[in-house]
Amino acid sequence: MAEHPRFTRFLSLLWLLAAAPVAALEVQPGIGFLAVTDLAEGTEVVLQDQGGAEVARGVADRFGSLIFHDLGQGRTYRLEEPGSGLTVATTLVFEDHPGPAFYQAQNLQRGLNYIETRDGTLLAAMVRPPLLRQLDQGPFPTVVEFSGYDPANPGSPEPVTLIASALGYATVGVNMRGSGCSGGVFDLFNFATTADGYDIIETVAAQPWVKGGTVGMVGISFSGISQLFVAGARPPHLAAISPLSVISDIYRAPGFPGGIFNNGFAQSWLQDRMNDAQPAPEGGQAWARTRVNGGDAVCLANQQLRLQTQNVFQILEANPYYEARIMDARSPANWIGNIEVPIFLAGAWQDEQTSSGFASMLRDLPRGRDVKATLVNGVHSSPLEPAILNELIAFLDIYVAAQMPDPGRFADLAPILTSEILGPGTPTMPVPPDRYDGISTFYRARRRFESLPRFRVLFENGAGSPVPGLPAPAFEAGFDFWPPRRRHEQAWYFQGAGRLGRRRPTIATSGVDAYRPDPEARPMQTLPGQGQSESWALMPPYDWQPLLGDTAVAYVSDPLADDLAVVGPSSVDLWLTSTAADTDIQVTLSEVRPDGLEAYVQSGWMRASHRYNDPKRETRIAPWPTHLEADAAPLPAGQLSQVRVGLLQVAHLFRGGSRIRISIEAPGGDRTRWAFDTIPTGGAVVNEIVRTWTHASRLVLPVVDNVNPTPGPPPSCPGLRGQPCRPYVLAGNGG
């Protein structure tokens, strides 16, 4: 009779325990890792599986620490210091959560605390009562902000935390493991970090000063992204989340747009996280250095594992393609479908940091009347503008505080927020009317919120007030599905003399347009050398240079007879040949106005060798390259290849009388903070775009009809948030 697998494993464990002497090593088991501490510097440790086969070995750093990363969950290992004792340890399993008593035993007070997580790691947590209140005056509705920035910094609350505090919410800012004064090592969005988020929610919700025994989550950017992971883990006492300016996929955007490494914002952001992960007081975040130098012994002890932080650039260099083992669990798109609580999500199409890549996961948002997304043209800070912030406040009031929504109480803060985002001396951003004013009951107020469109799209942000560029939308539209179901997938074909038309090329209009992709032809960034705040200014000092000579081709339509609204993903389907085995392509959509100015709309990128699309995911308007190494292939010499380049999603109204323009060039020149580690060409590579009946290169746009702009003149140029303007200059092929 065959042995039962569980019985075999039981006997194996008995053998391990019998063979092991008194534990010789101090081991902390975690989810997918084992940390060894209190070693002498240079001590070698060997990691073995249950059968005694070597899995890995490492040497203790100068802090006496060593971590074995990327281990299986719930697996038993042997750790041996050669010539010394043998230790047996089992990694933790993500789904194994502590019981309620673990969370209830922790008592959080005003000020800096340390929350214990399931693997024993202590996370720095800053507790603040509502502005001008004391915790013992509670209970209060409570929100958590969780990131690797510095939300636990006692002297500097994050912007959304500060707003929530002023609006009457208790707040808890928590630093991710491996950052600030928190223990452990930083590992971007791994299972251990997500489990920490679960433990944080359950610990905070158990505090007596928390209203209703449930908490919400708030935050923009890093602390917006973290909410999607934590909510996907389903902590029982999470009430609602409000993620702003997020990503959906750490590879596709902003990491490797089109398979090309973003050595602008993405690289600098990762380098900042590596710097923050250094041990205090010799490095790390400034507030952690201050705490350690001021005698915070817990903060100092929490630096013990910092030298074991993995070098993210070495990981990226080893994995230039999409690696599911590394990236699936670290991408919010794979968690968002698990979320069961109310969601308020907002993002900007031209976000200079994270981009509109988040929109690719909107189709997976849970369906429910308490799940809303607000989308707008603009920049990274746009979700904090009044047109969105008003609804965010109502959302938190309803689903976290369980109280009558009162976004009108934000009006007094508008001048302060304007100064912080746009700079001192800027006219105050207009605050929209309170749609809940006059409603008499909480039930009716909630019904009004839930009656809002599932996807609320704000158009022409920056044109809704007499001051061009001041955040305020001109009009809006609502949709129940994403991408909108009631759309026309409108094809525009490349034709001779740089024309863009609705009909496929004929024999008379067939041809080839050649260009030399040169990433040095224009400045790589449209705000080169500028700090982040310049992207958010009322009128940023954009340097958006025109296309240069034969370094690009472009195609432009005739003037539109009527307004044309584009909403969602678009595809640029190219038939091309190249003198190189691989080439990097950028496509840019813009609006050529009757006044001779050109307004930026959106861009997309593709490394031609990554051109293979997942047939289960791609659509007529949305290619979906797998970016898998197994699917990569060079361009065949002398043969045509189809390369579909997806534009980042957008919502834009092309006004009647304007023309649609699509350009093809080397990456760079159209984004404020992104740059591209593009293939060098030396000006010698020639790409040819083919436009024939059988190989018709084209632009496919998602056009919707139910968009009704406010009557009036077109917006100023410049004036739309996140959309620079320049004089229209013909490309080398006439487009």
# chains A, B, ... in the order shown; residues from 1 in each chain; ligands from 1
$ closest_atom_pairs --of "range 302-393 of chain A" --to "range 270-278 of chain A" --cutoff "8 Å" --atoms "only C-alpha atoms" --output "CSV"
residue,atom,partner,partner_atom,distance
A:Arg306,CA,A:Gln278,CA,6.0
A:Leu307,CA,A:Gln278,CA,7.0
A:Thr309,CA,A:Ala277,CA,7.2
A:Asn311,CA,A:Met274,CA,7.5
A:Val312,CA,A:Leu270,CA,7.5
$ select_by_dssp --residues "range 372-449 of chain A" --states "alpha helix (DSSP H)" --output "NGL selection string"
:A and (386-399 or 414-422 or 442-449)
$ residues_around --residues "Ala394 in chain A" --least-positions-apart "4" --cutoff "8 Å" --atoms "only C-alpha atoms" --output "ChimeraX atom specification"
/A:390,398,405-407,449
$ residues_around --residues "Ala301 in chain A" --least-positions-apart "3" --cutoff "10 Å" --atoms "only C-alpha atoms" --output "ChimeraX atom specification"
/A:122,181-183,280,292,296-298,304-305
$ residues_around --residues "range 612-618 of chain A" --least-positions-apart "4" --cutoff "9 Å" --atoms "only C-alpha atoms" --output "MDAnalysis selection string"
chainID A and resid 608 622:628 631:633 643:644
$ residues_around --residues "range 693-708 of chain A" --least-positions-apart "3" --cutoff "8 Å" --atoms "only C-alpha atoms" --output "MDAnalysis selection string"
chainID A and resid 475:477 484 486:494 504:507 510 564:575 620:621 662 689:690
$ closest_atom_pairs --of "range 330-441 of chain A" --to "range 461-464 of chain A" --cutoff "9 Å" --atoms "only C-alpha atoms" --output "tab-separated table"
residue	atom	partner	partner_atom	distance
A:Val376	CA	A:Asn461	CA	6.8
A:Asn377	CA	A:Asn461	CA	5.9
A:Gly378	CA	A:Asn461	CA	6.9
A:Pro430	CA	A:Gly464	CA	8.9
$ write_last_selection --atoms "N, CA and C atoms" --output "PDB file, in the first residue's frame"
ATOM      1  N   VAL A 376     -10.168  61.935 -15.479  1.00  0.00           N
ATOM      2  CA  VAL A 376     -10.047  63.340 -15.849  1.00  0.00           C
ATOM      3  C   VAL A 376      -8.748  63.572 -16.604  1.00  0.00           C
ATOM      4  N   ASN A 377      -8.742  64.536 -17.520  1.00  0.00           N
ATOM      5  CA  ASN A 377      -7.453  64.955 -18.072  1.00  0.00           C
ATOM      6  C   ASN A 377      -6.707  65.742 -16.993  1.00  0.00           C
ATOM      7  N   GLY A 378      -5.417  65.507 -16.898  1.00  0.00           N
ATOM      8  CA  GLY A 378      -4.672  66.221 -15.862  1.00  0.00           C
ATOM      9  C   GLY A 378      -3.393  65.536 -15.466  1.00  0.00           C
ATOM     10  N   PRO A 430     -12.019  76.617  -8.119  1.00  0.00           N
ATOM     11  CA  PRO A 430     -13.457  76.686  -7.828  1.00  0.00           C
ATOM     12  C   PRO A 430     -13.972  75.386  -7.223  1.00  0.00           C
TER      13      PRO A 430
END
$ residues_around --residues "Val601 in chain A" --least-positions-apart "5" --cutoff "8 Å" --atoms "only C-alpha atoms" --output "list in words"
Thr588, Leu589, Ser590, Glu591, Val650, His652 and Gln723 of chain A
$ write_last_selection --atoms "N, CA and C atoms" --output "JSON list (two decimals), in the first residue's frame"
[["chain", "number", "residue", "atom", "x", "y", "z"],
["A", 588, "THR", "N", 1.94, 59.23, -31.06],
["A", 588, "THR", "CA", 1.36, 60.33, -30.28],
["A", 588, "THR", "C", 0.11, 60.86, -30.99],
["A", 589, "LEU", "N", -0.96, 60.92, -30.23],
["A", 589, "LEU", "CA", -2.23, 61.45, -30.71],
["A", 589, "LEU", "C", -2.35, 62.91, -30.28],
["A", 590, "SER", "N", -2.74, 63.77, -31.21],
["A", 590, "SER", "CA", -2.87, 65.19, -30.89],
["A", 590, "SER", "C", -4.03, 65.80, -31.68],
["A", 591, "GLU", "N", -4.39, 67.02, -31.29],
["A", 591, "GLU", "CA", -5.45, 67.76, -31.97],
["A", 591, "GLU", "C", -4.86, 69.01, -32.60],
["A", 650, "VAL", "N", -7.54, 57.36, -22.77],
["A", 650, "VAL", "CA", -7.77, 58.79, -22.68],
["A", 650, "VAL", "C", -9.24, 59.07, -22.95],
["A", 652, "HIS", "N", -11.10, 62.47, -24.64],
["A", 652, "HIS", "CA", -10.81, 63.79, -25.21],
["A", 652, "HIS", "C", -11.85, 64.12, -26.26],
["A", 723, "GLN", "N", -1.99, 68.84, -20.75],
["A", 723, "GLN", "CA", -1.96, 68.78, -22.21],
["A", 723, "GLN", "C", -1.24, 70.00, -22.78]]
$ closest_residue --among "A:Arg611, A:Arg499, A:Arg289, A:Lys211" --to "Gln137 in chain A" --atoms "only C-alpha atoms"
A:Lys211
$ closest_residue --among "A:Gln227, A:Asn263, A:Gln104, A:Ser242" --to "Gln207 in chain A" --atoms "only C-alpha atoms"
A:Gln104
$ atom_distance --atom1 "CA of Pro386 in chain A" --atom2 "CA of Ile201 in chain A"
28.0 Å
$ closest_residue --among "A:Val185, A:Leu345, A:Leu527, A:Leu131" --to "Gly168 in chain A" --atoms "only C-alpha atoms"
A:Leu131
$ closest_atom_pairs --of "range 540-654 of chain A" --to "range 673-681 of chain A" --cutoff "9 Å" --atoms "only C-alpha atoms" --output "CSV"
residue,atom,partner,partner_atom,distance
A:Ala580,CA,A:Thr681,CA,8.8
A:Asp582,CA,A:Ile679,CA,8.0
A:Thr583,CA,A:Ile679,CA,6.7
A:Asp584,CA,A:Thr678,CA,6.4
A:Arg607,CA,A:Thr678,CA,8.6
$ write_last_selection --atoms "N, CA and C atoms" --output "JSON list (two decimals), in the first residue's frame"
[["chain", "number", "residue", "atom", "x", "y", "z"],
["A", 580, "ALA", "N", 16.78, 47.58, -39.03],
["A", 580, "ALA", "CA", 17.30, 46.99, -37.80],
["A", 580, "ALA", "C", 16.46, 45.77, -37.42],
["A", 582, "ASP", "N", 15.46, 45.20, -34.52],
["A", 582, "ASP", "CA", 14.50, 45.64, -33.50],
["A", 582, "ASP", "C", 14.47, 47.16, -33.52],
["A", 583, "THR", "N", 13.32, 47.71, -33.21],
["A", 583, "THR", "CA", 13.18, 49.17, -33.21],
["A", 583, "THR", "C", 12.14, 49.57, -32.18],
["A", 584, "ASP", "N", 12.35, 50.72, -31.55],
["A", 584, "ASP", "CA", 11.42, 51.24, -30.56],
["A", 584, "ASP", "C", 10.54, 52.29, -31.20],
["A", 607, "ARG", "N", 8.30, 48.25, -28.23],
["A", 607, "ARG", "CA", 9.53, 47.67, -28.78],
["A", 607, "ARG", "C", 9.08, 46.58, -29.74]]
$ closest_residue --among "A:Ser658, A:Arg128, A:Ile388, A:Arg671" --to "Ala561 in chain A" --atoms "only C-alpha atoms"
A:Ser658
$ select_by_dssp --residues "range 326-474 of chain A" --states "strand (DSSP E)" --output "list in words"
Ile343, Phe344, Leu345, Ala346, Gly347, Ala348, Val371, Lys372, Ala373, Thr374, Leu375, Val376, Phe455, Arg456, Val457, Leu458 and Phe459 of chain A
$ write_last_selection --atoms "N, CA and C atoms" --output "PDB file, in the first residue's frame"
ATOM      1  N   ILE A 343     -15.552  51.191  -3.226  1.00  0.00           N
ATOM      2  CA  ILE A 343     -14.332  51.741  -3.822  1.00  0.00           C
ATOM      3  C   ILE A 343     -14.631  53.097  -4.443  1.00  0.00           C
ATOM      4  N   PHE A 344     -13.752  54.064  -4.168  1.00  0.00           N
ATOM      5  CA  PHE A 344     -13.763  55.336  -4.890  1.00  0.00           C
ATOM      6  C   PHE A 344     -12.381  55.490  -5.504  1.00  0.00           C
ATOM      7  N   LEU A 345     -12.285  55.316  -6.829  1.00  0.00           N
ATOM      8  CA  LEU A 345     -11.004  55.366  -7.542  1.00  0.00           C
ATOM      9  C   LEU A 345     -10.999  56.581  -8.454  1.00  0.00           C
ATOM     10  N   ALA A 346      -9.857  57.242  -8.545  1.00  0.00           N
ATOM     11  CA  ALA A 346      -9.749  58.383  -9.441  1.00  0.00           C
ATOM     12  C   ALA A 346      -8.341  58.454 -10.025  1.00  0.00           C
ATOM     13  N   GLY A 347      -8.255  58.913 -11.268  1.00  0.00           N
ATOM     14  CA  GLY A 347      -6.956  59.046 -11.913  1.00  0.00           C
ATOM     15  C   GLY A 347      -7.021  59.991 -13.092  1.00  0.00           C
ATOM     16  N   ALA A 348      -5.837  60.432 -13.542  1.00  0.00           N
ATOM     17  CA  ALA A 348      -5.720  61.400 -14.628  1.00  0.00           C
ATOM     18  C   ALA A 348      -5.083  60.751 -15.847  1.00  0.00           C
ATOM     19  N   VAL A 371     -19.322  51.283  -5.960  1.00  0.00           N
ATOM     20  CA  VAL A 371     -18.011  51.272  -6.617  1.00  0.00           C
ATOM     21  C   VAL A 371     -18.032  52.320  -7.729  1.00  0.00           C
ATOM     22  N   LYS A 372     -17.184  53.351  -7.596  1.00  0.00           N
ATOM     23  CA  LYS A 372     -17.171  54.464  -8.539  1.00  0.00           C
ATOM     24  C   LYS A 372     -15.734  54.770  -8.970  1.00  0.00           C
ATOM     25  N   ALA A 373     -15.599  55.232 -10.215  1.00  0.00           N
ATOM     26  CA  ALA A 373     -14.310  55.712 -10.715  1.00  0.00           C
ATOM     27  C   ALA A 373     -14.523  57.063 -11.388  1.00  0.00           C
ATOM     28  N   THR A 374     -13.648  58.014 -11.087  1.00  0.00           N
ATOM     29  CA  THR A 374     -13.694  59.336 -11.705  1.00  0.00           C
ATOM     30  C   THR A 374     -12.410  59.544 -12.497  1.00  0.00           C
ATOM     31  N   LEU A 375     -12.544  59.938 -13.755  1.00  0.00           N
ATOM     32  CA  LEU A 375     -11.430  60.000 -14.689  1.00  0.00           C
ATOM     33  C   LEU A 375     -11.388  61.391 -15.305  1.00  0.00           C
ATOM     34  N   VAL A 376     -10.168  61.935 -15.479  1.00  0.00           N
ATOM     35  CA  VAL A 376     -10.047  63.340 -15.849  1.00  0.00           C
ATOM     36  C   VAL A 376      -8.748  63.572 -16.604  1.00  0.00           C
ATOM     37  N   PHE A 455     -18.747  55.105 -13.962  1.00  0.00           N
ATOM     38  CA  PHE A 455     -17.536  55.756 -14.464  1.00  0.00           C
ATOM     39  C   PHE A 455     -17.901  57.190 -14.837  1.00  0.00           C
ATOM     40  N   ARG A 456     -17.367  58.124 -14.085  1.00  0.00           N
ATOM     41  CA  ARG A 456     -17.633  59.550 -14.290  1.00  0.00           C
ATOM     42  C   ARG A 456     -16.409  60.154 -14.963  1.00  0.00           C
ATOM     43  N   VAL A 457     -16.593  60.684 -16.179  1.00  0.00           N
ATOM     44  CA  VAL A 457     -15.481  61.231 -16.953  1.00  0.00           C
ATOM     45  C   VAL A 457     -15.628  62.742 -17.019  1.00  0.00           C
ATOM     46  N   LEU A 458     -14.621  63.446 -16.509  1.00  0.00           N
ATOM     47  CA  LEU A 458     -14.593  64.904 -16.529  1.00  0.00           C
ATOM     48  C   LEU A 458     -13.777  65.360 -17.736  1.00  0.00           C
ATOM     49  N   PHE A 459     -14.385  66.185 -18.571  1.00  0.00           N
ATOM     50  CA  PHE A 459     -13.741  66.635 -19.802  1.00  0.00           C
ATOM     51  C   PHE A 459     -13.225  68.065 -19.661  1.00  0.00           C
TER      52      PHE A 459
END
$ decode --residues "range 211-241 of chain A" --atoms "N, CA and C atoms" --output "tab-separated table (two decimals), in the first residue's frame"
chain	number	residue	atom	x	y	z
A	211	LYS	N	-14.64	54.46	15.50
A	211	LYS	CA	-16.10	54.40	15.37
A	211	LYS	C	-16.52	53.18	14.57
A	212	GLY	N	-17.44	52.40	15.14
A	212	GLY	CA	-18.04	51.29	14.42
A	212	GLY	C	-17.17	50.07	14.27
A	213	GLY	N	-15.94	50.11	14.76
A	213	GLY	CA	-15.07	48.95	14.66
A	213	GLY	C	-14.60	48.63	13.26
A	214	THR	N	-14.71	49.58	12.32
A	214	THR	CA	-14.19	49.41	10.97
A	214	THR	C	-13.46	50.67	10.55
A	215	VAL	N	-12.54	50.53	9.60
A	215	VAL	CA	-11.74	51.67	9.15
A	215	VAL	C	-11.72	51.72	7.63
A	216	GLY	N	-11.46	52.91	7.10
A	216	GLY	CA	-11.26	53.07	5.67
A	216	GLY	C	-9.79	53.28	5.36
A	217	MET	N	-9.47	53.31	4.08
A	217	MET	CA	-8.11	53.60	3.64
A	217	MET	C	-8.13	54.79	2.69
A	218	VAL	N	-7.11	55.64	2.78
A	218	VAL	CA	-6.99	56.82	1.94
A	218	VAL	C	-5.57	56.91	1.40
A	219	GLY	N	-5.41	57.76	0.38
A	219	GLY	CA	-4.05	58.03	-0.10
A	219	GLY	C	-3.98	58.15	-1.60
A	220	ILE	N	-2.96	58.86	-2.04
A	220	ILE	CA	-2.70	59.08	-3.45
A	220	ILE	C	-1.34	58.50	-3.81
A	221	SER	N	-1.23	57.96	-5.02
A	221	SER	CA	0.02	57.42	-5.52
A	221	SER	C	0.40	56.15	-4.75
A	222	PHE	N	1.55	56.12	-4.09
A	222	PHE	CA	2.03	54.92	-3.40
A	222	PHE	C	0.97	54.41	-2.41
A	223	SER	N	0.41	55.33	-1.61
A	223	SER	CA	-0.58	54.91	-0.63
A	223	SER	C	-1.96	54.71	-1.25
A	224	GLY	N	-2.13	55.10	-2.51
A	224	GLY	CA	-3.32	54.71	-3.24
A	224	GLY	C	-3.19	53.30	-3.78
A	225	ILE	N	-2.03	53.00	-4.34
A	225	ILE	CA	-1.77	51.67	-4.90
A	225	ILE	C	-1.87	50.60	-3.83
A	226	SER	N	-1.29	50.86	-2.64
A	226	SER	CA	-1.28	49.85	-1.58
A	226	SER	C	-2.69	49.43	-1.18
A	227	GLN	N	-3.66	50.34	-1.32
A	227	GLN	CA	-5.03	50.01	-0.93
A	227	GLN	C	-5.60	48.86	-1.74
A	228	LEU	N	-5.23	48.78	-3.02
A	228	LEU	CA	-5.77	47.74	-3.88
A	228	LEU	C	-5.30	46.36	-3.45
A	229	PHE	N	-4.06	46.26	-3.00
A	229	PHE	CA	-3.55	44.99	-2.49
A	229	PHE	C	-4.23	44.62	-1.17
A	230	VAL	N	-4.28	45.58	-0.26
A	230	VAL	CA	-4.84	45.30	1.06
A	230	VAL	C	-6.31	44.92	0.95
A	231	ALA	N	-7.08	45.69	0.18
A	231	ALA	CA	-8.50	45.37	0.02
A	231	ALA	C	-8.67	44.02	-0.68
A	232	GLY	N	-7.77	43.69	-1.61
A	232	GLY	CA	-7.84	42.39	-2.26
A	232	GLY	C	-7.59	41.24	-1.32
A	233	ALA	N	-6.89	41.51	-0.20
A	233	ALA	CA	-6.66	40.48	0.82
A	233	ALA	C	-7.86	40.30	1.74
A	234	ARG	N	-8.82	41.20	1.67
A	234	ARG	CA	-10.11	41.12	2.37
A	234	ARG	C	-10.01	41.08	3.90
A	235	PRO	N	-9.37	42.05	4.52
A	235	PRO	CA	-9.44	42.11	5.99
A	235	PRO	C	-10.89	42.36	6.41
A	236	PRO	N	-11.40	41.62	7.39
A	236	PRO	CA	-12.83	41.68	7.72
A	236	PRO	C	-13.32	43.05	8.18
A	237	HIS	N	-12.46	43.86	8.75
A	237	HIS	CA	-12.90	45.13	9.33
A	237	HIS	C	-12.50	46.35	8.48
A	238	LEU	N	-12.26	46.11	7.20
A	238	LEU	CA	-12.05	47.21	6.26
A	238	LEU	C	-13.40	47.67	5.75
A	239	ALA	N	-13.68	48.98	5.87
A	239	ALA	CA	-14.98	49.51	5.49
A	239	ALA	C	-15.03	49.94	4.03
A	240	ALA	N	-13.97	50.59	3.52
A	240	ALA	CA	-13.98	51.14	2.17
A	240	ALA	C	-12.57	51.60	1.82
A	241	ILE	N	-12.29	51.75	0.52
A	241	ILE	CA	-11.00	52.26	0.07
A	241	ILE	C	-11.21	53.39	-0.93
